[in-house]
file structure-v7.pdb (PDB, C-alpha atoms)
MODEL        1
ATOM      1  CA  MET A   9      -2.540   4.543   1.102
ATOM      2  CA  ASN A  10      -5.071   5.706   3.660
ATOM      3  CA  PHE A  11      -7.926   6.795   1.439
ATOM      4  CA  PRO A  12     -11.334   6.301   3.063
ATOM      5  CA  THR A  13     -12.053   2.599   2.530
ATOM      6  CA  ARG A  14     -14.900   2.963   0.024
ATOM      7  CA  ILE A  15     -12.945   5.411  -2.145
ATOM      8  CA  TYR A  16      -9.817   3.247  -2.082
ATOM      9  CA  ASP A  17     -11.722   0.080  -3.003
ATOM     10  CA  ILE A  18     -13.584   1.854  -5.831
ATOM     11  CA  PHE A  19     -10.342   3.382  -7.146
ATOM     12  CA  MET A  20      -8.533   0.028  -7.090
ATOM     13  CA  TYR A  21     -11.433  -2.054  -8.468
ATOM     14  CA  PRO A  22     -10.434  -1.934 -12.165
ATOM     15  CA  PHE A  23      -6.802  -2.808 -11.357
ATOM     16  CA  GLU A  24      -7.898  -5.673  -9.102
ATOM     17  CA  LYS A  25     -10.421  -6.968 -11.640
ATOM     18  CA  LEU A  26      -8.062  -6.859 -14.614
ATOM     19  CA  ARG A  27      -4.923  -8.308 -13.031
ATOM     20  CA  LEU A  28      -4.046  -7.632  -9.397
ATOM     21  CA  ASN A  29      -6.565 -10.058  -7.918
ATOM     22  CA  ARG A  30      -5.043 -12.909  -9.936
ATOM     23  CA  MET A  31      -1.523 -11.809  -8.970
ATOM     24  CA  ARG A  32      -2.520 -11.760  -5.285
ATOM     25  CA  ARG A  33      -3.941 -15.286  -5.497
ATOM     26  CA  ASN A  34      -0.861 -16.611  -7.333
ATOM     27  CA  LEU A  35       1.495 -15.231  -4.703
ATOM     28  CA  LEU A  36      -0.516 -15.598  -1.495
ATOM     29  CA  LYS A  37      -0.902 -19.347  -1.948
ATOM     30  CA  HIS A  38       2.790 -19.515  -0.912
ATOM     31  CA  VAL A  39       2.120 -17.991   2.517
ATOM     32  CA  LYS A  40       2.872 -20.430   5.339
ATOM     33  CA  GLY A  41       4.031 -20.815   8.938
ATOM     34  CA  GLU A  42       4.276 -17.843  11.281
ATOM     35  CA  VAL A  43       2.991 -14.978   9.101
ATOM     36  CA  LEU A  44       3.241 -11.190   9.341
ATOM     37  CA  GLU A  45       1.279  -8.951   6.972
ATOM     38  CA  ILE A  46       2.437  -5.336   6.948
ATOM     39  CA  GLY A  47      -0.339  -2.939   5.966
ATOM     40  CA  THR A  48      -3.595  -4.832   6.300
ATOM     41  CA  GLY A  49      -5.354  -1.845   4.696
ATOM     42  CA  THR A  50      -8.935  -2.763   3.819
ATOM     43  CA  GLY A  51      -8.255  -6.463   4.370
ATOM     44  CA  VAL A  52      -8.195  -7.438   0.701
ATOM     45  CA  ASN A  53      -5.727 -10.295   1.332
ATOM     46  CA  ILE A  54      -7.556 -11.837   4.299
ATOM     47  CA  ASN A  55      -9.878 -14.110   2.309
ATOM     48  CA  MET A  56      -7.035 -15.336   0.083
ATOM     49  CA  LEU A  57      -4.935 -16.745   2.918
ATOM     50  CA  ALA A  58      -5.181 -20.478   3.641
ATOM     51  CA  CYS A  59      -5.675 -20.977   7.390
ATOM     52  CA  GLU A  60      -4.379 -24.548   7.203
ATOM     53  CA  SER A  61      -0.995 -23.324   5.890
ATOM     54  CA  MET A  62      -0.442 -20.846   8.728
ATOM     55  CA  THR A  63       0.610 -21.500  12.293
ATOM     56  CA  SER A  64      -0.331 -17.897  13.110
ATOM     57  CA  TYR A  65      -1.075 -14.608  11.379
ATOM     58  CA  VAL A  66      -0.294 -11.103  12.646
ATOM     59  CA  GLY A  67      -1.663  -8.158  10.660
ATOM     60  CA  LEU A  68       0.021  -4.803  11.278
ATOM     61  CA  ASP A  69      -1.179  -1.360  10.256
ATOM     62  CA  LEU A  70      -0.866   2.207  11.505
ATOM     63  CA  LYS A  71      -4.579   2.051  12.327
ATOM     64  CA  ILE A  72      -6.704  -1.092  12.163
ATOM     65  CA  LYS A  73      -9.911  -0.605  10.182
ATOM     66  CA  PRO A  74     -13.184  -2.062  11.565
ATOM     67  CA  GLU A  75     -13.896  -3.929   8.311
ATOM     68  CA  VAL A  76     -10.621  -5.845   8.717
ATOM     69  CA  LEU A  77     -11.727  -7.006  12.168
ATOM     70  CA  GLN A  78     -15.009  -8.188  10.661
ATOM     71  CA  LYS A  79     -13.241 -10.129   7.897
ATOM     72  CA  ILE A  80     -10.967 -11.815  10.434
ATOM     73  CA  GLN A  81     -13.873 -12.797  12.680
ATOM     74  CA  LYS A  82     -15.635 -14.418   9.708
ATOM     75  CA  ARG A  83     -12.565 -16.478   8.813
ATOM     76  CA  GLY A  84     -12.100 -18.040  12.238
ATOM     77  CA  CYS A  85      -8.337 -18.420  11.693
ATOM     78  CA  PRO A  86      -5.607 -17.769  14.302
ATOM     79  CA  PHE A  87      -5.457 -14.095  13.297
ATOM     80  CA  LYS A  88      -4.228 -11.203  15.440
ATOM     81  CA  LEU A  89      -4.085  -7.482  14.619
ATOM     82  CA  VAL A  90      -1.492  -5.014  15.884
ATOM     83  CA  GLU A  91      -1.148  -1.266  15.387
ATOM     84  CA  GLY A  92       2.371  -0.166  14.515
ATOM     85  CA  SER A  93       4.755   1.168  11.897
ATOM     86  CA  ALA A  94       6.689  -0.668   9.196
ATOM     87  CA  VAL A  95       9.827   1.308  10.075
ATOM     88  CA  ASP A  96       9.849   0.081  13.687
ATOM     89  CA  LEU A  97       8.295  -3.388  13.763
ATOM     90  CA  PRO A  98       7.309  -4.414  17.317
ATOM     91  CA  PHE A  99       8.564  -8.001  16.897
ATOM     92  CA  GLU A 100      11.581 -10.122  17.795
ATOM     93  CA  ASP A 101      14.412 -10.877  15.397
ATOM     94  CA  GLN A 102      13.785 -13.896  13.143
ATOM     95  CA  GLN A 103      10.212 -14.347  14.369
ATOM     96  CA  PHE A 104       8.338 -15.031  11.102
ATOM     97  CA  ASP A 105       8.462 -17.610   8.321
ATOM     98  CA  THR A 106       6.625 -15.335   5.871
ATOM     99  CA  VAL A 107       6.195 -11.565   5.614
ATOM    100  CA  VAL A 108       3.589 -10.155   3.219
ATOM    101  CA  PHE A 109       2.986  -6.618   2.002
ATOM    102  CA  THR A 110       0.876  -5.481  -0.927
ATOM    103  CA  LEU A 111       0.734  -1.877  -2.100
ATOM    104  CA  VAL A 112       2.257  -0.584   1.134
ATOM    105  CA  PHE A 113       5.834   0.582   0.616
ATOM    106  CA  CYS A 114       4.772   3.328  -1.796
ATOM    107  CA  SER A 115       3.706   5.307   1.287
ATOM    108  CA  VAL A 116       6.158   4.157   3.988
ATOM    109  CA  SER A 117       8.039   7.234   5.244
ATOM    110  CA  GLU A 118      11.476   5.540   5.255
ATOM    111  CA  PRO A 119      11.204   2.594   2.873
ATOM    112  CA  MET A 120      14.776   1.308   3.233
ATOM    113  CA  LYS A 121      14.484   1.344   7.023
ATOM    114  CA  GLY A 122      11.181  -0.517   6.740
ATOM    115  CA  LEU A 123      12.658  -3.158   4.426
ATOM    116  CA  LYS A 124      15.580  -3.667   6.815
ATOM    117  CA  GLU A 125      13.002  -4.267   9.541
ATOM    118  CA  VAL A 126      11.290  -6.865   7.344
ATOM    119  CA  TYR A 127      14.653  -8.569   6.841
ATOM    120  CA  ARG A 128      15.283  -8.513  10.590
ATOM    121  CA  VAL A 129      12.011 -10.180  11.624
ATOM    122  CA  LEU A 130      12.176 -12.935   8.988
ATOM    123  CA  LYS A 131      13.783 -16.263   9.858
ATOM    124  CA  PRO A 132      16.783 -17.358   7.761
ATOM    125  CA  GLY A 133      15.377 -18.822   4.555
ATOM    126  CA  GLY A 134      12.061 -17.052   5.217
ATOM    127  CA  ARG A 135       9.894 -15.687   2.420
ATOM    128  CA  LEU A 136       8.889 -12.155   1.570
ATOM    129  CA  ILE A 137       5.780 -11.991  -0.629
ATOM    130  CA  PHE A 138       5.068  -8.581  -2.132
ATOM    131  CA  ILE A 139       3.109  -6.571  -4.683
ATOM    132  CA  GLU A 140       3.958  -2.913  -5.257
ATOM    133  CA  HIS A 141       3.507  -0.246  -7.873
ATOM    134  CA  VAL A 142       6.839   1.132  -9.023
ATOM    135  CA  MET A 143       8.400   3.540 -11.468
ATOM    136  CA  PRO A 144       7.832   2.022 -14.928
ATOM    137  CA  ASN A 145      10.686   1.295 -17.341
ATOM    138  CA  GLN A 146       9.277   3.226 -20.312
ATOM    139  CA  PRO A 147      10.737   6.763 -20.566
ATOM    140  CA  PHE A 148       7.385   8.347 -21.450
ATOM    141  CA  LEU A 149       5.651   6.823 -18.406
ATOM    142  CA  GLN A 150       8.618   7.709 -16.208
ATOM    143  CA  ASN A 151       8.224  11.372 -17.150
ATOM    144  CA  VAL A 152       4.499  11.257 -16.452
ATOM    145  CA  PHE A 153       5.004   9.560 -13.073
ATOM    146  CA  LYS A 154       7.743  12.019 -12.037
ATOM    147  CA  ARG A 155       5.516  14.990 -12.835
ATOM    148  CA  ILE A 156       2.428  13.614 -11.144
ATOM    149  CA  SER A 157       4.059  12.131  -8.040
ATOM    150  CA  PRO A 158       4.445  15.332  -5.927
ATOM    151  CA  TYR A 159       0.732  16.109  -6.340
ATOM    152  CA  TRP A 160      -0.325  12.480  -5.916
ATOM    153  CA  GLU A 161       1.621  12.229  -2.635
ATOM    154  CA  LYS A 162      -0.466  15.061  -1.149
ATOM    155  CA  PHE A 163      -3.750  13.631  -2.427
ATOM    156  CA  ALA A 164      -3.046   9.983  -1.631
ATOM    157  CA  ASP A 165      -1.527  10.136   1.845
ATOM    158  CA  ASN A 166       2.187  10.069   0.924
ATOM    159  CA  CYS A 167       1.852   7.474  -1.863
ATOM    160  CA  HIS A 168       4.892   7.864  -4.144
ATOM    161  CA  LEU A 169       4.576   6.919  -7.813
ATOM    162  CA  ASP A 170       8.316   7.006  -8.483
ATOM    163  CA  ARG A 171       9.774   4.386  -6.138
ATOM    164  CA  HIS A 172      11.827   1.329  -7.111
ATOM    165  CA  THR A 173      10.714  -1.003  -4.335
ATOM    166  CA  GLN A 174      11.726  -4.220  -6.084
ATOM    167  CA  LEU A 175      15.311  -2.900  -6.378
ATOM    168  CA  ASP A 176      15.291  -1.762  -2.749
ATOM    169  CA  ILE A 177      14.199  -5.251  -1.669
ATOM    170  CA  GLU A 178      17.370  -6.629  -3.268
ATOM    171  CA  LYS A 179      19.539  -3.861  -1.797
ATOM    172  CA  VAL A 180      18.705  -4.880   1.775
ATOM    173  CA  GLY A 181      19.829  -8.463   1.075
ATOM    174  CA  PHE A 182      16.811 -10.367  -0.249
ATOM    175  CA  ARG A 183      17.088 -12.656  -3.257
ATOM    176  CA  ILE A 184      14.035 -12.308  -5.500
ATOM    177  CA  CYS A 185      13.290 -15.754  -6.904
ATOM    178  CA  ARG A 186       9.976 -15.006  -8.620
ATOM    179  CA  ARG A 187       8.620 -11.850 -10.295
ATOM    180  CA  GLU A 188       5.298 -11.017 -11.914
ATOM    181  CA  PHE A 189       4.492  -7.807 -13.772
ATOM    182  CA  SER A 190       1.327  -6.115 -14.970
ATOM    183  CA  PHE A 191       0.110  -2.830 -16.480
ATOM    184  CA  HIS A 192       3.329  -2.090 -18.417
ATOM    185  CA  GLN A 193       5.456  -3.117 -15.413
ATOM    186  CA  VAL A 194       3.875  -0.465 -13.200
ATOM    187  CA  PHE A 195       2.911  -3.239 -10.788
ATOM    188  CA  VAL A 196       5.466  -5.825  -9.718
ATOM    189  CA  GLY A 197       4.861  -8.795  -7.470
ATOM    190  CA  GLY A 198       7.130 -11.511  -6.306
ATOM    191  CA  ILE A 199       8.622 -13.856  -3.785
ATOM    192  CA  ALA A 200      11.989 -13.081  -2.198
ATOM    193  CA  LYS A 201      14.048 -15.155   0.211
ATOM    194  CA  LYS A 202      16.209 -14.130   3.114
ATOM    195  CA  GLY A 203      19.660 -15.575   2.642
ATOM    196  CA  LYS A 204      21.309 -17.326  -0.298
TER     197      LYS A 204
ENDMDL
END
call {"tool": "encode", "arguments": {"input": "structure-v7.pdb", "output": "structure tokens"}}
result
Amino acid sequence: MNFPTRIYDIFMYPFEKLRLNRMRRNLLKHVKGEVLEIGTGTGVNINMLACESMTSYVGLDLKIKPEVLQKIQKRGCPFKLVEGSAVDLPFEDQQFDTVVFTLVFCSVSEPMKGLKEVYRVLKPGGRLIFIEHVMPNQPFLQNVFKRISPYWEKFADNCHLDRHTQLDIEKVGFRICRREFSFHQVFVGGIAKKGK
């Protein structure tokens, strides 16, 4: 989502405080090697990444926010920022050991194309680490999400409430080996591997 930074951070604060922050920490400790983060957003993941585990870090977003630059400068890690789109990643095949995205693919214009790009730039055996909000399993919540989503997309910069990103990750060929859920399975996080 591309809310103004302050509004986005305020909106997400209760979710982060209650569960998402812990989920991020649990998953991001597995980031290592040559790392690509798609959708740096407000830079919420930057302080959770262990510099000593990474050979390099590239953060990609449609537009890099100044606060992300400031966070990177404070860390002093081998971080680099690039402007670009998830559906046309400006990187070589099999370039990265780890790809990370958190709360990004809800608003990607062509999510399957973007996930195929993620698969392409990961090395064989590489890890995808993700957190997304998805269509919940409960019929009542599904109906609510379906009704709200068209209005929410306009308000929240193309953020879809009714996507099944975790299923799409598997459809492009990833094997999900760890899953975490929160808020009645509205949020799903996990680690997926490229290859068998």
call {"tool": "residues_around", "arguments": {"input": "structure-v7.pdb", "residues": "Gly181 (chain A)", "least_positions_apart": "5", "cutoff": "8 Å", "atoms": "only C-alpha atoms", "output": "count of residues only"}}
result
3
call {"tool": "residues_around", "arguments": {"input": "structure-v7.pdb", "residues": "region 184-187 of chain A", "least_positions_apart": "4", "cutoff": "7 Å", "atoms": "only C-alpha atoms", "output": "ChimeraX atom specification"}}
result
/A:178,196-201
call {"tool": "residues_around", "arguments": {"input": "structure-v7.pdb", "residues": "region 139-145 of chain A", "least_positions_apart": "4", "cutoff": "8 Å", "atoms": "all atoms listed in the file", "output": "PyMOL selection string"}}
result
chain A and resi 32+109-114+149-150+153+169-174+192-198
call {"tool": "write_last_selection", "arguments": {"input": "structure-v7.pdb", "atoms": "C-alpha atoms", "output": "compact mmCIF listing (two decimals), in the frame of the given file"}}
result
# COMPACT_ATOMS: atom_id res chain seq x y z
CA ARG A 32 -2.52 -11.76 -5.28
CA PHE A 109 2.99 -6.62 2.00
CA THR A 110 0.88 -5.48 -0.93
CA LEU A 111 0.73 -1.88 -2.10
CA VAL A 112 2.26 -0.58 1.13
CA PHE A 113 5.83 0.58 0.62
CA CYS A 114 4.77 3.33 -1.80
CA LEU A 149 5.65 6.82 -18.41
CA GLN A 150 8.62 7.71 -16.21
CA PHE A 153 5.00 9.56 -13.07
CA LEU A 169 4.58 6.92 -7.81
CA ASP A 170 8.32 7.01 -8.48
CA ARG A 171 9.77 4.39 -6.14
CA HIS A 172 11.83 1.33 -7.11
CA THR A 173 10.71 -1.00 -4.34
CA GLN A 174 11.73 -4.22 -6.08
CA HIS A 192 3.33 -2.09 -18.42
CA GLN A 193 5.46 -3.12 -15.41
CA VAL A 194 3.88 -0.46 -13.20
CA PHE A 195 2.91 -3.24 -10.79
CA VAL A 196 5.47 -5.82 -9.72
CA GLY A 197 4.86 -8.80 -7.47
CA GLY A 198 7.13 -11.51 -6.31
call {"tool": "residues_around", "arguments": {"input": "structure-v7.pdb", "residues": "Asn34 (chain A)", "least_positions_apart": "4", "cutoff": "10 Å", "atoms": "all atoms listed in the file", "output": "VMD selection string"}}
result
chain A and resid 28 to 30 38 56 188 197 to 198
call {"tool": "closest_residue", "arguments": {"input": "structure-v7.pdb", "among": "A:Glu100, A:Glu91, A:Val116, A:Gly51", "to": "Asp165 (chain A)", "atoms": "only C-alpha atoms"}}
result
A:Val116
call {"tool": "closest_residue", "arguments": {"input": "structure-v7.pdb", "among": "A:Ile137, A:Met31, A:Leu70, A:Val76", "to": "Lys88 (chain A)", "atoms": "all atoms listed in the file"}}
result
A:Val76
call {"tool": "atom_distance", "arguments": {"input": "structure-v7.pdb", "atom1": "CA of His168 (chain A)", "atom2": "CA of Arg155 (chain A)"}}
result
11.3 Å
call {"tool": "resolve_selection", "arguments": {"input": "structure-v7.pdb", "expression": "the PyMOL selection byres ((chain A and resi 49) around 8)", "output": "JSON, numbers by chain"}}
result
{"A": [9, 10, 47, 48, 50, 51, 52, 69, 72, 73, 76]}
call {"tool": "atom_distance", "arguments": {"input": "structure-v7.pdb", "atom1": "CA of Val152 (chain A)", "atom2": "CA of Cys167 (chain A)"}}
result
15.3 Å
call {"tool": "atom_distance", "arguments": {"input": "structure-v7.pdb", "atom1": "CA of Val39 (chain A)", "atom2": "CA of Leu130 (chain A)"}}
result
13.0 Å
call {"tool": "resolve_selection", "arguments": {"input": "structure-v7.pdb", "expression": "the PyMOL selection byres ((chain A and resi 180) around 8)", "output": "ChimeraX atom specification"}}
result
/A:120,123-124,127,176-179,181-182
call {"tool": "resolve_selection", "arguments": {"input": "structure-v7.pdb", "expression": "the PyMOL selection byres ((chain A and resi 55) around 10)", "output": "list in words"}}
result
Arg33, Gly51, Val52, Asn53, Ile54, Met56, Leu57, Ala58, Cys59, Lys79, Ile80, Lys82 and Arg83 of chain A
call {"tool": "closest_residue", "arguments": {"input": "structure-v7.pdb", "among": "A:Leu68, A:Val95, A:Val107, A:Leu136", "to": "Lys121 (chain A)", "atoms": "all atoms listed in the file"}}
result
A:Val95
call {"tool": "closest_residue", "arguments": {"input": "structure-v7.pdb", "among": "A:Glu45, A:Glu118, A:Glu75, A:Glu125", "to": "Pro98 (chain A)", "atoms": "all atoms listed in the file"}}
result
A:Glu125
call {"tool": "build_atoms", "arguments": {"input": "structure-v7.pdb", "residues": "region 192-204 of chain A", "atoms": "N, CA and C atoms", "output": "short mmCIF file (atom, residue, chain, number, x, y, z; two decimals), in the frame of the given file"}}
result
data_model
loop_
_atom_site.label_atom_id
_atom_site.label_comp_id
_atom_site.auth_asym_id
_atom_site.auth_seq_id
_atom_site.Cartn_x
_atom_site.Cartn_y
_atom_site.Cartn_z
N HIS A 192 2.08 -2.67 -17.89
CA HIS A 192 3.33 -2.09 -18.42
C HIS A 192 4.40 -2.01 -17.33
N GLN A 193 4.47 -3.01 -16.48
CA GLN A 193 5.46 -3.12 -15.41
C GLN A 193 5.32 -2.03 -14.35
N VAL A 194 4.14 -1.42 -14.28
CA VAL A 194 3.88 -0.46 -13.20
C VAL A 194 3.68 -1.22 -11.89
N PHE A 195 3.08 -2.39 -11.97
CA PHE A 195 2.91 -3.24 -10.79
C PHE A 195 3.87 -4.42 -10.89
N VAL A 196 4.57 -4.67 -9.79
CA VAL A 196 5.47 -5.82 -9.72
C VAL A 196 5.13 -6.61 -8.45
N GLY A 197 5.08 -7.91 -8.61
CA GLY A 197 4.86 -8.80 -7.47
C GLY A 197 5.93 -9.85 -7.47
N GLY A 198 6.13 -10.48 -6.32
CA GLY A 198 7.13 -11.51 -6.31
C GLY A 198 7.30 -12.20 -4.98
N ILE A 199 8.22 -13.13 -4.98
CA ILE A 199 8.62 -13.86 -3.78
C ILE A 199 10.13 -13.68 -3.65
N ALA A 200 10.56 -13.26 -2.47
CA ALA A 200 11.99 -13.08 -2.20
C ALA A 200 12.35 -13.91 -0.97
N LYS A 201 13.59 -14.35 -0.92
CA LYS A 201 14.05 -15.16 0.21
C LYS A 201 15.15 -14.44 0.97
N LYS A 202 15.14 -14.66 2.27
CA LYS A 202 16.21 -14.13 3.11
C LYS A 202 17.35 -15.13 3.10
N GLY A 203 18.51 -14.68 2.71
CA GLY A 203 19.66 -15.58 2.64
C GLY A 203 19.88 -16.06 1.23
N LYS A 204 20.92 -16.88 1.04
CA LYS A 204 21.31 -17.33 -0.30
C LYS A 204 20.53 -18.55 -0.74
#
